[in-house]
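Novice: Next up, entry-v4.pdb (PDB, C-alpha atoms and all ligand atoms).
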ATOM      1  CA  MET A   1     121.380 -40.749  59.024
ATOM      2  CA  ALA A   2     124.701 -42.104  57.733
ATOM      3  CA  GLY A   3     125.317 -43.435  61.255
ATOM      4  CA  LEU A   4     121.962 -45.203  61.260
ATOM      5  CA  LEU A   5     122.534 -46.673  57.795
ATOM      6  CA  GLY A   6     125.986 -47.730  58.942
ATOM      7  CA  SER A   7     124.532 -49.601  61.931
ATOM      8  CA  VAL A   8     121.951 -51.268  59.687
ATOM      9  CA  PHE A   9     124.795 -52.321  57.376
ATOM     10  CA  LEU A  10     126.762 -53.748  60.287
ATOM     11  CA  LEU A  11     123.679 -55.688  61.401
ATOM     12  CA  VAL A  12     123.105 -57.047  57.899
ATOM     13  CA  LEU A  13     126.755 -58.022  57.625
ATOM     14  CA  GLN A  14     126.781 -59.781  60.957
ATOM     15  CA  THR A  15     123.997 -62.107  59.835
ATOM     16  CA  TYR A  16     126.261 -63.431  57.080
ATOM     17  CA  ALA A  17     128.668 -66.286  57.526
ATOM     18  CA  ALA A  18     131.061 -66.185  54.593
ATOM     19  CA  PRO A  19     133.156 -69.314  54.189
ATOM     20  CA  PRO A  20     136.229 -68.883  52.003
ATOM     21  CA  GLU A  21     135.546 -68.848  48.285
ATOM     22  CA  PHE A  22     136.109 -72.363  47.055
ATOM     23  CA  ILE A  23     134.387 -74.497  44.518
ATOM     24  CA  GLN A  24     135.344 -78.134  44.446
ATOM     25  CA  VAL A  25     135.096 -79.483  40.902
ATOM     26  CA  TRP A  26     137.300 -82.487  41.400
ATOM     27  CA  PRO A  27     137.504 -84.962  44.294
ATOM     28  CA  SER A  28     140.357 -84.362  46.702
ATOM     29  CA  ALA A  29     143.460 -86.520  46.331
ATOM     30  CA  SER A  30     142.780 -88.683  49.310
ATOM     31  CA  THR A  31     139.503 -89.398  51.071
ATOM     32  CA  SER A  32     138.790 -91.697  53.953
ATOM     33  CA  GLY A  33     135.214 -92.836  54.334
ATOM     34  CA  PRO A  34     132.784 -95.049  56.219
ATOM     35  CA  GLY A  35     133.675 -98.712  55.999
ATOM     36  CA  LEU A  36     137.368 -97.930  55.709
ATOM     37  CA  LEU A  37     139.908 -98.601  58.431
ATOM     38  CA  ALA A  38     141.107 -95.460  60.219
ATOM     39  CA  ASN A  39     144.317 -95.128  58.226
ATOM     40  CA  GLU A  40     142.948 -96.557  54.980
ATOM     41  CA  THR A  41     142.309 -94.144  52.119
ATOM     42  CA  VAL A  42     140.866 -94.126  48.625
ATOM     43  CA  THR A  43     142.420 -91.971  45.942
ATOM     44  CA  PRO A  44     139.716 -91.107  43.404
ATOM     45  CA  SER A  45     141.633 -88.326  41.630
ATOM     46  CA  LEU A  46     144.439 -90.733  40.733
ATOM     47  CA  VAL A  47     142.027 -92.265  38.232
ATOM     48  CA  PRO A  48     141.450 -89.524  35.666
ATOM     49  CA  PRO A  49     138.575 -89.883  33.209
ATOM     50  CA  PRO A  50     139.851 -91.755  30.145
ATOM     51  CA  GLY A  51     141.278 -89.466  27.491
ATOM     52  CA  THR A  52     141.914 -86.525  29.818
ATOM     53  CA  SER A  53     145.156 -84.931  30.975
ATOM     54  CA  LYS A  54     146.381 -81.865  32.849
ATOM     55  CA  HIS A  55     147.921 -78.760  31.301
ATOM     56  CA  THR A  56     149.254 -75.440  32.427
ATOM     57  CA  PRO A  57     146.572 -72.873  31.539
ATOM     58  CA  HIS A  58     145.917 -71.592  28.051
ATOM     59  CA  SER A  59     144.414 -68.518  29.649
ATOM     60  CA  ILE A  60     144.558 -66.884  33.090
ATOM     61  CA  ILE A  61     142.116 -64.457  34.671
ATOM     62  CA  ILE A  62     144.695 -62.176  36.289
ATOM     63  CA  GLY A  63     142.287 -59.979  38.257
ATOM     64  CA  VAL A  64     141.329 -57.583  39.462
ATOM     65  CA  ARG A  65     140.382 -58.697  42.954
ATOM     66  CA  LYS A  66     136.625 -57.995  43.437
ATOM     67  CA  GLY A  67     136.250 -57.223  39.759
ATOM     68  CA  GLY A  68     133.909 -60.168  39.134
ATOM     69  CA  THR A  69     136.609 -62.800  38.590
ATOM     70  CA  ARG A  70     134.563 -65.677  40.043
ATOM     71  CA  ALA A  71     131.504 -64.772  37.949
ATOM     72  CA  LEU A  72     133.682 -64.612  34.833
ATOM     73  CA  LEU A  73     135.303 -68.013  35.465
ATOM     74  CA  GLU A  74     132.011 -69.709  36.334
ATOM     75  CA  MET A  75     130.312 -68.241  33.289
ATOM     76  CA  LEU A  76     133.157 -69.311  30.991
ATOM     77  CA  ASP A  77     132.919 -72.774  32.480
ATOM     78  CA  ILE A  78     129.500 -73.090  30.779
ATOM     79  CA  HIS A  79     131.459 -73.492  27.555
ATOM     80  CA  PRO A  80     131.990 -77.177  26.693
ATOM     81  CA  GLU A  81     135.513 -76.446  25.515
ATOM     82  CA  VAL A  82     136.602 -74.830  28.792
ATOM     83  CA  ALA A  83     138.047 -76.641  31.821
ATOM     84  CA  ALA A  84     138.096 -74.241  34.754
ATOM     85  CA  ALA A  85     140.525 -74.689  37.648
ATOM     86  CA  ALA A  86     138.914 -75.212  41.035
ATOM     87  CA  THR A  87     141.208 -73.138  43.216
ATOM     88  CA  GLU A  88     143.174 -69.929  43.127
ATOM     89  CA  VAL A  89     146.729 -71.066  42.775
ATOM     90  CA  HIS A  90     148.922 -68.025  43.530
ATOM     91  CA  PHE A  91     151.742 -69.736  41.691
ATOM     92  CA  PHE A  92     153.277 -66.678  40.070
ATOM     93  CA  ASP A  93     153.007 -64.188  42.916
ATOM     94  CA  TRP A  94     153.950 -66.290  45.965
ATOM     95  CA  ASP A  95     157.609 -67.256  46.066
ATOM     96  CA  GLU A  96     157.018 -70.360  48.174
ATOM     97  CA  ASN A  97     154.643 -71.703  45.502
ATOM     98  CA  TYR A  98     156.763 -70.594  42.548
ATOM     99  CA  SER A  99     159.772 -72.428  43.951
ATOM    100  CA  LYS A 100     157.795 -75.707  43.739
ATOM    101  CA  GLY A 101     158.035 -75.567  39.960
ATOM    102  CA  LEU A 102     155.749 -75.847  36.929
ATOM    103  CA  GLU A 103     155.026 -79.528  37.489
ATOM    104  CA  TRP A 104     153.461 -78.686  40.865
ATOM    105  CA  TYR A 105     151.406 -75.965  39.195
ATOM    106  CA  ARG A 106     150.221 -78.275  36.420
ATOM    107  CA  GLU A 107     149.099 -80.889  38.952
ATOM    108  CA  LEU A 108     146.691 -78.341  40.446
ATOM    109  CA  MET A 109     144.948 -77.841  37.118
ATOM    110  CA  PRO A 110     141.788 -79.789  36.193
ATOM    111  CA  TYR A 111     141.787 -82.811  33.928
ATOM    112  CA  SER A 112     140.743 -81.727  30.460
ATOM    113  CA  TYR A 113     139.849 -83.386  27.170
ATOM    114  CA  PRO A 114     141.982 -82.635  24.116
ATOM    115  CA  HIS A 115     139.371 -80.238  22.683
ATOM    116  CA  GLN A 116     139.281 -78.170  25.897
ATOM    117  CA  ILE A 117     141.334 -75.235  27.076
ATOM    118  CA  THR A 118     142.333 -74.824  30.712
ATOM    119  CA  ILE A 119     141.584 -71.539  32.477
ATOM    120  CA  GLU A 120     142.504 -70.546  36.002
ATOM    121  CA  LYS A 121     142.014 -67.352  37.968
ATOM    122  CA  THR A 122     144.189 -65.744  40.587
ATOM    123  CA  PRO A 123     142.961 -62.167  41.085
ATOM    124  CA  GLY A 124     146.103 -61.135  42.977
ATOM    125  CA  TYR A 125     148.214 -61.335  39.810
ATOM    126  CA  PHE A 126     147.066 -57.998  38.402
ATOM    127  CA  THR A 127     148.633 -56.042  41.261
ATOM    128  CA  SER A 128     151.660 -58.306  41.674
ATOM    129  CA  PRO A 129     155.024 -56.896  40.555
ATOM    130  CA  LEU A 130     156.318 -60.458  39.981
ATOM    131  CA  ALA A 131     153.497 -62.127  38.072
ATOM    132  CA  PRO A 132     153.860 -60.601  34.574
ATOM    133  CA  ALA A 133     157.496 -61.636  33.977
ATOM    134  CA  ARG A 134     156.942 -65.078  35.500
ATOM    135  CA  ILE A 135     153.833 -65.783  33.414
ATOM    136  CA  ARG A 136     155.661 -64.631  30.323
ATOM    137  CA  ALA A 137     158.566 -66.959  31.135
ATOM    138  CA  MET A 138     156.093 -69.866  31.272
ATOM    139  CA  ASN A 139     154.207 -69.010  28.089
ATOM    140  CA  SER A 140     154.871 -65.825  26.152
ATOM    141  CA  SER A 141     151.798 -66.312  23.936
ATOM    142  CA  ILE A 142     149.293 -66.994  26.755
ATOM    143  CA  ARG A 143     145.986 -65.098  26.551
ATOM    144  CA  LEU A 144     145.248 -63.028  29.605
ATOM    145  CA  LEU A 145     141.824 -61.977  30.859
ATOM    146  CA  LEU A 146     141.438 -58.922  33.068
ATOM    147  CA  ILE A 147     138.055 -57.969  34.515
ATOM    148  CA  LEU A 148     137.782 -54.442  35.886
ATOM    149  CA  ARG A 149     135.013 -52.462  37.469
ATOM    150  CA  ASP A 150     134.570 -48.882  38.621
ATOM    151  CA  PRO A 151     137.651 -48.343  40.827
ATOM    152  CA  ALA A 152     135.744 -46.630  43.666
ATOM    153  CA  GLU A 153     133.113 -49.397  43.723
ATOM    154  CA  ARG A 154     135.954 -51.895  43.757
ATOM    155  CA  VAL A 155     137.472 -50.235  46.842
ATOM    156  CA  ILE A 156     134.152 -50.533  48.678
ATOM    157  CA  SER A 157     133.794 -54.149  47.606
ATOM    158  CA  ASP A 158     137.374 -54.854  48.742
ATOM    159  CA  TYR A 159     136.680 -53.233  52.119
ATOM    160  CA  THR A 160     133.485 -55.301  52.465
ATOM    161  CA  GLN A 161     135.329 -58.553  51.774
ATOM    162  CA  VAL A 162     138.035 -57.781  54.345
ATOM    163  CA  TYR A 163     135.341 -56.684  56.788
ATOM    164  CA  PHE A 164     133.604 -60.058  56.503
ATOM    165  CA  ASN A 165     136.851 -61.995  56.806
ATOM    166  CA  ARG A 166     137.752 -60.094  59.964
ATOM    167  CA  LEU A 167     134.302 -60.647  61.463
ATOM    168  CA  GLU A 168     134.602 -64.333  60.738
ATOM    169  CA  ASN A 169     138.005 -64.463  62.443
ATOM    170  CA  HIS A 170     136.725 -62.458  65.431
ATOM    171  CA  LYS A 171     139.059 -59.569  64.664
ATOM    172  CA  PRO A 172     138.116 -55.926  65.270
ATOM    173  CA  VAL A 173     136.624 -54.033  62.324
ATOM    174  CA  GLN A 174     136.662 -50.359  61.386
ATOM    175  CA  ALA A 175     134.125 -48.188  59.573
ATOM    176  CA  ILE A 176     134.990 -47.647  55.924
ATOM    177  CA  GLU A 177     135.537 -43.899  56.427
ATOM    178  CA  ASP A 178     138.210 -44.692  59.031
ATOM    179  CA  MET A 179     140.076 -46.721  56.436
ATOM    180  CA  LEU A 180     139.634 -44.180  53.632
ATOM    181  CA  VAL A 181     140.599 -41.051  55.587
ATOM    182  CA  ARG A 182     143.753 -40.347  57.638
ATOM    183  CA  ASN A 183     144.391 -36.984  59.258
ATOM    184  CA  GLY A 184     141.597 -35.365  57.274
ATOM    185  CA  ALA A 185     142.927 -36.452  53.867
ATOM    186  CA  LEU A 186     142.311 -39.441  51.632
ATOM    187  CA  ASN A 187     144.471 -42.319  52.868
ATOM    188  CA  THR A 188     146.137 -43.150  49.567
ATOM    189  CA  ARG A 189     148.291 -45.763  51.308
ATOM    190  CA  TYR A 190     145.210 -47.884  51.991
ATOM    191  CA  LYS A 191     145.828 -51.093  50.035
ATOM    192  CA  ALA A 192     142.296 -51.212  48.660
ATOM    193  CA  ILE A 193     142.868 -47.792  47.068
ATOM    194  CA  GLN A 194     146.234 -48.819  45.660
ATOM    195  CA  ARG A 195     144.749 -51.917  44.081
ATOM    196  CA  SER A 196     142.319 -49.684  42.161
ATOM    197  CA  LEU A 197     145.139 -47.695  40.469
ATOM    198  CA  TYR A 198     144.606 -49.606  37.254
ATOM    199  CA  ASP A 199     147.012 -47.500  35.198
ATOM    200  CA  VAL A 200     149.912 -48.214  37.563
ATOM    201  CA  HIS A 201     149.410 -51.979  37.445
ATOM    202  CA  MET A 202     148.606 -52.087  33.745
ATOM    203  CA  ARG A 203     151.883 -50.341  32.901
ATOM    204  CA  ASN A 204     153.726 -53.198  34.567
ATOM    205  CA  TRP A 205     151.851 -55.800  32.481
ATOM    206  CA  LEU A 206     152.469 -53.896  29.280
ATOM    207  CA  LEU A 207     156.211 -54.117  29.917
ATOM    208  CA  HIS A 208     155.867 -57.876  29.431
ATOM    209  CA  PHE A 209     152.831 -58.437  27.182
ATOM    210  CA  PRO A 210     151.441 -56.618  24.152
ATOM    211  CA  LEU A 211     147.998 -55.132  24.688
ATOM    212  CA  GLU A 212     146.492 -57.571  22.140
ATOM    213  CA  GLN A 213     147.236 -60.421  24.534
ATOM    214  CA  ILE A 214     145.236 -58.888  27.398
ATOM    215  CA  HIS A 215     141.472 -58.854  26.958
ATOM    216  CA  ILE A 216     139.668 -56.501  29.318
ATOM    217  CA  VAL A 217     136.199 -57.509  30.473
ATOM    218  CA  ASP A 218     133.946 -54.703  31.667
ATOM    219  CA  GLY A 219     132.903 -55.999  35.112
ATOM    220  CA  ASP A 220     130.095 -53.441  35.488
ATOM    221  CA  THR A 221     128.579 -54.616  32.194
ATOM    222  CA  LEU A 222     129.042 -58.265  33.164
ATOM    223  CA  ILE A 223     126.814 -57.642  36.201
ATOM    224  CA  ARG A 224     124.035 -55.958  34.170
ATOM    225  CA  ASP A 225     124.159 -58.073  31.008
ATOM    226  CA  PRO A 226     126.650 -60.973  31.032
ATOM    227  CA  LEU A 227     126.139 -62.479  27.568
ATOM    228  CA  PRO A 228     127.786 -59.821  25.329
ATOM    229  CA  GLU A 229     130.881 -59.728  27.566
ATOM    230  CA  LEU A 230     131.165 -63.521  27.414
ATOM    231  CA  GLN A 231     130.760 -63.547  23.657
ATOM    232  CA  LYS A 232     133.697 -61.134  23.395
ATOM    233  CA  VAL A 233     135.769 -63.491  25.545
ATOM    234  CA  GLU A 234     134.804 -66.452  23.339
ATOM    235  CA  ARG A 235     136.104 -64.537  20.323
ATOM    236  CA  PHE A 236     139.295 -63.511  22.118
ATOM    237  CA  LEU A 237     139.996 -67.120  23.107
ATOM    238  CA  GLU A 238     139.033 -68.307  19.601
ATOM    239  CA  LEU A 239     136.384 -70.595  21.043
ATOM    240  CA  PRO A 240     133.323 -71.457  18.943
ATOM    241  CA  PRO A 241     130.280 -69.477  20.145
ATOM    242  CA  ARG A 242     128.492 -71.777  22.585
ATOM    243  CA  ILE A 243     127.360 -69.539  25.442
ATOM    244  CA  VAL A 244     123.796 -68.348  24.828
ATOM    245  CA  ALA A 245     121.158 -66.134  26.459
ATOM    246  CA  SER A 246     119.331 -69.103  28.012
ATOM    247  CA  ASN A 247     122.469 -69.860  30.066
ATOM    248  CA  PHE A 248     121.553 -66.896  32.282
ATOM    249  CA  TYR A 249     118.541 -65.911  34.319
ATOM    250  CA  PHE A 250     118.092 -63.014  36.670
ATOM    251  CA  ASN A 251     117.525 -64.045  40.277
ATOM    252  CA  GLN A 252     115.432 -61.352  41.991
ATOM    253  CA  THR A 253     116.364 -62.491  45.494
ATOM    254  CA  LYS A 254     120.083 -62.378  44.816
ATOM    255  CA  GLY A 255     119.821 -59.318  42.601
ATOM    256  CA  PHE A 256     122.305 -60.835  40.119
ATOM    257  CA  TYR A 257     122.335 -63.089  37.108
ATOM    258  CA  CYS A 258     122.716 -66.784  37.849
ATOM    259  CA  ILE A 259     123.783 -69.652  35.606
ATOM    260  CA  ARG A 260     121.712 -72.322  33.877
ATOM    261  CA  SER A 261     123.727 -75.077  32.260
ATOM    262  CA  ASP A 262     123.613 -78.884  31.897
ATOM    263  CA  GLY A 263     120.047 -78.799  33.256
ATOM    264  CA  ARG A 264     121.169 -77.162  36.525
ATOM    265  CA  GLU A 265     120.592 -73.669  37.889
ATOM    266  CA  ARG A 266     123.072 -72.068  40.252
ATOM    267  CA  CYS A 267     123.918 -68.673  41.662
ATOM    268  CA  LEU A 268     127.319 -67.604  42.900
ATOM    269  CA  HIS A 269     128.186 -68.099  46.558
ATOM    270  CA  GLU A 270     126.550 -65.676  49.006
ATOM    271  CA  SER A 271     129.912 -63.924  49.474
ATOM    272  CA  LYS A 272     129.526 -62.662  45.880
ATOM    273  CA  GLY A 273     127.149 -59.749  45.508
ATOM    274  CA  ARG A 274     127.031 -58.639  49.137
ATOM    275  CA  PRO A 275     125.459 -55.384  50.291
ATOM    276  CA  HIS A 276     127.968 -52.535  50.458
ATOM    277  CA  PRO A 277     128.107 -50.062  53.340
ATOM    278  CA  PRO A 278     126.897 -46.523  52.738
ATOM    279  CA  VAL A 279     129.894 -44.190  52.373
ATOM    280  CA  ASN A 280     129.981 -40.558  53.473
ATOM    281  CA  SER A 281     129.324 -38.579  50.279
ATOM    282  CA  THR A 282     132.247 -36.154  50.766
ATOM    283  CA  VAL A 283     134.659 -39.035  51.260
ATOM    284  CA  LEU A 284     133.228 -40.821  48.235
ATOM    285  CA  GLN A 285     133.720 -37.693  46.136
ATOM    286  CA  GLN A 286     137.333 -37.432  47.334
ATOM    287  CA  LEU A 287     137.866 -41.044  46.370
ATOM    288  CA  ARG A 288     136.331 -40.601  42.923
ATOM    289  CA  SER A 289     138.306 -37.455  42.183
ATOM    290  CA  TYR A 290     141.525 -39.189  43.258
ATOM    291  CA  PHE A 291     140.901 -41.888  40.664
ATOM    292  CA  ARG A 292     139.920 -39.501  37.858
ATOM    293  CA  GLN A 293     143.407 -38.841  36.460
ATOM    294  CA  HIS A 294     144.450 -42.466  36.962
ATOM    295  CA  ASN A 295     141.386 -43.557  35.001
ATOM    296  CA  ARG A 296     142.232 -41.195  32.139
ATOM    297  CA  ASN A 297     145.782 -42.552  32.108
ATOM    298  CA  PHE A 298     144.355 -46.060  31.964
ATOM    299  CA  TYR A 299     142.008 -45.235  29.062
ATOM    300  CA  ARG A 300     144.985 -43.885  27.131
ATOM    301  CA  LEU A 301     147.076 -46.982  27.889
ATOM    302  CA  VAL A 302     144.441 -49.409  26.642
ATOM    303  CA  GLY A 303     142.902 -47.263  23.897
ATOM    304  CA  ARG A 304     139.326 -47.449  25.160
ATOM    305  CA  THR A 305     137.145 -45.796  27.793
ATOM    306  CA  PHE A 306     134.936 -47.140  30.566
ATOM    307  CA  ASN A 307     131.934 -45.692  32.379
ATOM    308  CA  TRP A 308     133.788 -45.048  35.627
ATOM    309  CA  HIS A 309     132.694 -42.026  37.668
TER     310      HIS A 309
HETATM  311  P1  LIG B   1     130.351 -57.529  45.536
HETATM  312  O1  LIG B   1     130.207 -58.740  46.394
HETATM  313  O2  LIG B   1     131.096 -56.448  46.171
HETATM  314  O3  LIG B   1     129.044 -57.048  44.943
HETATM  315  P2  LIG B   1     135.379 -61.414  42.661
HETATM  316  O4  LIG B   1     134.776 -62.731  42.260
HETATM  317  O5  LIG B   1     136.464 -60.975  41.750
HETATM  318  O6  LIG B   1     135.725 -61.398  44.115
HETATM  319  O7  LIG B   1     134.251 -60.323  42.457
HETATM  320  C1  LIG B   1     133.104 -60.276  43.271
HETATM  321  C2  LIG B   1     132.109 -59.371  42.605
HETATM  322  O8  LIG B   1     131.562 -60.007  41.447
HETATM  323  C3  LIG B   1     130.905 -59.058  43.455
HETATM  324  O9  LIG B   1     131.233 -57.954  44.249
HETATM  325  C4  LIG B   1     129.806 -58.794  42.426
HETATM  326  O10 LIG B   1     129.471 -57.435  42.309
HETATM  327  C5  LIG B   1     130.418 -59.255  41.107
HETATM  328  N1  LIG B   1     129.550 -60.072  40.282
HETATM  329  C6  LIG B   1     129.515 -60.001  38.929
HETATM  330  N2  LIG B   1     128.597 -60.823  38.435
HETATM  331  C7  LIG B   1     128.042 -61.462  39.504
HETATM  332  C8  LIG B   1     127.022 -62.460  39.615
HETATM  333  N3  LIG B   1     126.400 -62.929  38.540
HETATM  334  N4  LIG B   1     126.689 -62.884  40.859
HETATM  335  C9  LIG B   1     127.314 -62.382  41.946
HETATM  336  N5  LIG B   1     128.291 -61.444  41.902
HETATM  337  C10 LIG B   1     128.656 -60.983  40.694
END
For the structure just supplied, provide its representation as C-alpha cells.
Specialist:
Amino acid sequence: MAGLLGSVFLLVLQTYAAPPEFIQVWPSASTSGPGLLANETVTPSLVPPPGTSKHTPHSIIIGVRKGGTRALLEMLDIHPEVAAAATEVHFFDWDENYSKGLEWYRELMPYSYPHQITIEKTPGYFTSPLAPARIRAMNSSIRLLLILRDPAERVISDYTQVYFNRLENHKPVQAIEDMLVRNGALNTRYKAIQRSLYDVHMRNWLLHFPLEQIHIVDGDTLIRDPLPELQKVERFLELPPRIVASNFYFNQTKGFYCIRSDGRERCLHESKGRPHPPVNSTVLQQLRSYFRQHNRNFYRLVGRTFNWH
C-alpha cells in the first residue's frame, strides 16, 4: 500500500514544474526592450519613487527553512508600513556576500517611505553558525522573526523541496525512507533532520540576542488561521494594527489561505503547499521520538510550548 501511495506521490510530483521561489517587486536594474538598440538599456530602478530610500532591515525573518517564511513575509507585506525585500539575500551566512559589505546589502533592499519598516527573509540564517554574531554586529537591537512548525513535518517538507529541485535539474531522487534510515537506524546526519533540531540552533541565537528580541511565529497555526499570528507580529514590531480578517480567504483548490489586499487576490506560488509523500509509519515514529527530547529542551529555552508530536 505504502509502495502504491509512494508511486502516486511520485506521479503527482512529476506533474509539477517548480521554478525557484522569487517574487519580483521592483524592476531589475537594467532592462533592454523592443525599440532599443541591441546594447542600449534603460535603468528604471535608478529612479526611485520620490521620498523613498533604502535601509538595512529593521526586522529579519531568520527561518526556519520550510517553516512558512514566504507566507509570513507576504502576509506582513499587506501592512502599509512594511516594505518587504524581494529576494533572499544570504548576506550574513555566505562569506562571499558578507565580504561585499553593508552597502551592497542595503542596495538589495526595497525602496521604502519614511513611515515604513524594511523586512527581509533568509531562512538559512536560523541554522547558520555565523549569522547571529554578524547580524548583531550590524544592529544589536534588530527585531528577529522566527517561524517554526512541527519538526517532523518540516523534515518531510524539506525533503519534498529538495526532491522537486532534483527532479527539475534531472538529478536522481531517492525515496524519503532511504534518506531517513541508514543501516536500520534513523539517519541523524541527514541535513533535513539536523535543521529541525530547534533547541541546538536556538541556543546559538541566544548567545547573541535576548529572547525578547526573537519573536516566534507558530507556523502550524499560521497555516490554519493566519490573522492572530500576524496580529502578534504587528505588536512585536510595534506596528499599528492594520492587517484584518478580510485580508485572507481560504482557497479550496490550493487548500491554504490566500491574500486579498489592494483590491487583488493572490495565493502563494505552487511550490508552497505541495503534497507530501506518505512516510512509513515506523520510520515516522522513530523520527518523532528522536525530536521529543529536543522539543522539550526548546520549550524550556523559550518558555513556551508548541503542539508538536
Ligand atoms: P509545504 O509546501 O511543505 O506544505 P517556506 O516559505 O519557509 O519555504 O515554507 C513553505 C511552507 O509554508 C509550505 O510547506 C506550507 O505548508 C507553508 N504555508 C504556510 N502558509 C501557507 C499559505 N498560506 N500558502 C501556502 N503555503 C503556506
Novice: Write out as a Markdown table the residues of chain A that have any atom within 7 Å of an atom of ligand LIG 1 (chain B), one row each with the nearest atom pair and its distance in Å to one decimal, counting only C-alpha atoms and all ligand atoms, sorted by chain and then rising number.
Specialist:
| residue | atom | partner | partner_atom | distance |
| --- | --- | --- | --- | --- |
| A:Gly63 | CA | B:LIG1 | O5 | 6.9 |
| A:Val64 | CA | B:LIG1 | O5 | 6.4 |
| A:Arg65 | CA | B:LIG1 | O5 | 4.7 |
| A:Lys66 | CA | B:LIG1 | O5 | 3.4 |
| A:Gly67 | CA | B:LIG1 | O5 | 4.3 |
| A:Gly68 | CA | B:LIG1 | O8 | 3.3 |
| A:Thr69 | CA | B:LIG1 | O5 | 3.7 |
| A:Arg70 | CA | B:LIG1 | O4 | 3.7 |
| A:Ala71 | CA | B:LIG1 | N2 | 4.9 |
| A:Pro123 | CA | B:LIG1 | O5 | 6.6 |
| A:Ser157 | CA | B:LIG1 | O2 | 3.8 |
| A:Asp158 | CA | B:LIG1 | O2 | 7.0 |
| A:Thr160 | CA | B:LIG1 | O2 | 6.8 |
| A:Gly219 | CA | B:LIG1 | C6 | 6.5 |
| A:Leu222 | CA | B:LIG1 | N2 | 5.9 |
| A:Ile223 | CA | B:LIG1 | N2 | 4.3 |
| A:Phe256 | CA | B:LIG1 | N3 | 4.9 |
| A:Tyr257 | CA | B:LIG1 | N3 | 4.3 |
| A:Cys258 | CA | B:LIG1 | N3 | 5.4 |
| A:Cys267 | CA | B:LIG1 | N4 | 6.5 |
| A:Leu268 | CA | B:LIG1 | N4 | 5.2 |
| A:Ser271 | CA | B:LIG1 | O1 | 6.0 |
| A:Lys272 | CA | B:LIG1 | O1 | 4.0 |
| A:Gly273 | CA | B:LIG1 | O1 | 3.3 |
| A:Arg274 | CA | B:LIG1 | O1 | 4.2 |
| A:Pro275 | CA | B:LIG1 | O3 | 6.6 |
| A:His276 | CA | B:LIG1 | O2 | 6.6 |
Novice: Calculate how many Å separate CA of Gln286 in chain A from CA of Phe306 in chain A, rounding to one decimal.
Specialist: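 We find that CA of Gln286 in chain A and CA of Phe306 in chain A lie 19.5 Å from each other.
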Novice: Output as JSON lines one row per residue of range 46-78 of chain A within 10 Å of range 106-116 of chain A: the closest atom pair and its distance in Å to one decimal place, counting all atoms listed in the file, sorted by chain and residue number ascending.
Specialist:
{"residue": "A:Pro48", "atom": "CA", "partner": "A:Tyr111", "partner_atom": "CA", "distance": 6.9}
{"residue": "A:Pro49", "atom": "CA", "partner": "A:Tyr111", "partner_atom": "CA", "distance": 7.8}
{"residue": "A:Pro50", "atom": "CA", "partner": "A:Tyr113", "partner_atom": "CA", "distance": 8.9}
{"residue": "A:Gly51", "atom": "CA", "partner": "A:Tyr113", "partner_atom": "CA", "distance": 6.3}
{"residue": "A:Thr52", "atom": "CA", "partner": "A:Tyr113", "partner_atom": "CA", "distance": 4.6}
{"residue": "A:Ser53", "atom": "CA", "partner": "A:Tyr111", "partner_atom": "CA", "distance": 5.0}
{"residue": "A:Lys54", "atom": "CA", "partner": "A:Tyr111", "partner_atom": "CA", "distance": 4.8}
{"residue": "A:His55", "atom": "CA", "partner": "A:Arg106", "partner_atom": "CA", "distance": 5.6}
{"residue": "A:Thr56", "atom": "CA", "partner": "A:Arg106", "partner_atom": "CA", "distance": 5.0}
{"residue": "A:Pro57", "atom": "CA", "partner": "A:Met109", "partner_atom": "CA", "distance": 7.6}
{"residue": "A:His58", "atom": "CA", "partner": "A:Gln116", "partner_atom": "CA", "distance": 9.6}
Novice: Residues of the last selection are to be written out with C-alpha atoms, as an mmCIF file, in the frame of the given file.
Specialist:
data_model
loop_
_atom_site.group_PDB
_atom_site.id
_atom_site.type_symbol
_atom_site.label_atom_id
_atom_site.label_comp_id
_atom_site.auth_asym_id
_atom_site.auth_seq_id
_atom_site.Cartn_x
_atom_site.Cartn_y
_atom_site.Cartn_z
ATOM 1 C CA PRO A 48 141.450 -89.524 35.666
ATOM 2 C CA PRO A 49 138.575 -89.883 33.209
ATOM 3 C CA PRO A 50 139.851 -91.755 30.145
ATOM 4 C CA GLY A 51 141.278 -89.466 27.491
ATOM 5 C CA THR A 52 141.914 -86.525 29.818
ATOM 6 C CA SER A 53 145.156 -84.931 30.975
ATOM 7 C CA LYS A 54 146.381 -81.865 32.849
ATOM 8 C CA HIS A 55 147.921 -78.760 31.301
ATOM 9 C CA THR A 56 149.254 -75.440 32.427
ATOM 10 C CA PRO A 57 146.572 -72.873 31.539
ATOM 11 C CA HIS A 58 145.917 -71.592 28.051
#
Novice: Please provide as a short mmCIF file (atom, residue, chain, number, x, y, z; two decimals) with C-alpha atoms, keeping the file's coordinate frame all residues within 9 Å of Ser261 in chain A, with the sequence filter that same-chain residues fewer than 6 positions apart are discarded (counting all atoms listed in the file).
Specialist:
data_model
loop_
_atom_site.label_atom_id
_atom_site.label_comp_id
_atom_site.auth_asym_id
_atom_site.auth_seq_id
_atom_site.Cartn_x
_atom_site.Cartn_y
_atom_site.Cartn_z
CA ILE A 78 129.50 -73.09 30.78
CA SER A 246 119.33 -69.10 28.01
CA ASN A 247 122.47 -69.86 30.07
CA PHE A 248 121.55 -66.90 32.28
#
Novice: Tell me which of A:Arg182, A:Arg189, A:His208, A:Arg154 sits closest to Arg136 in chain A, counting only C-alpha atoms.
Specialist: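 Using only C-alpha atoms, the shortest distance to Arg136 in chain A belongs to A:His208.
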Novice: Assuming the chain letters and numbering stay as they are in my file, what does the PyMOL selection byres (((chain A and resi 85-95) around 8) and not hetatm) actually select? List them as a ChimeraX atom specification.
Specialist: /A:22-26,83-84,96-99,105,108-110,118-122,124-125,128-131,134-135
Novice: Which residues, written as a ChimeraX atom specification, have at least one atom at most 10 Å from Tyr190 in chain A, with only C-alpha atoms counted and residues fewer than 3 positions away on the same chain left out?
Specialist: /A:155,179-182,186-187,193-195
Novice: Please report the interatomic distance between CA of Leu46 in chain A and CA of His79 in chain A in Å with one decimal.
Specialist: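 Answer for the CA of Leu46 in chain A to CA of His79 in chain A separation: 25.3 Å.
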Novice: In Å to one decimal, how far is CA of Glu103 in chain A from CA of Val47 in chain A?
Specialist: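 Going from CA of Val47 in chain A over to CA of Glu103 in chain A covers 18.2 Å.
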Novice: Expanded to explicit residues, what is the PyMOL selection byres (((chain A and resi 279) around 9) and not hetatm) for this file, as a list in words?
Specialist: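 Output of the PyMOL selection byres (((chain A and resi 279) around 9) and not hetatm): Ala2, Gly6, Ile156, Ile176, Glu177, His276, Pro277, Pro278, Asn280, Ser281, Thr282, Val283 and Leu284 of chain A.
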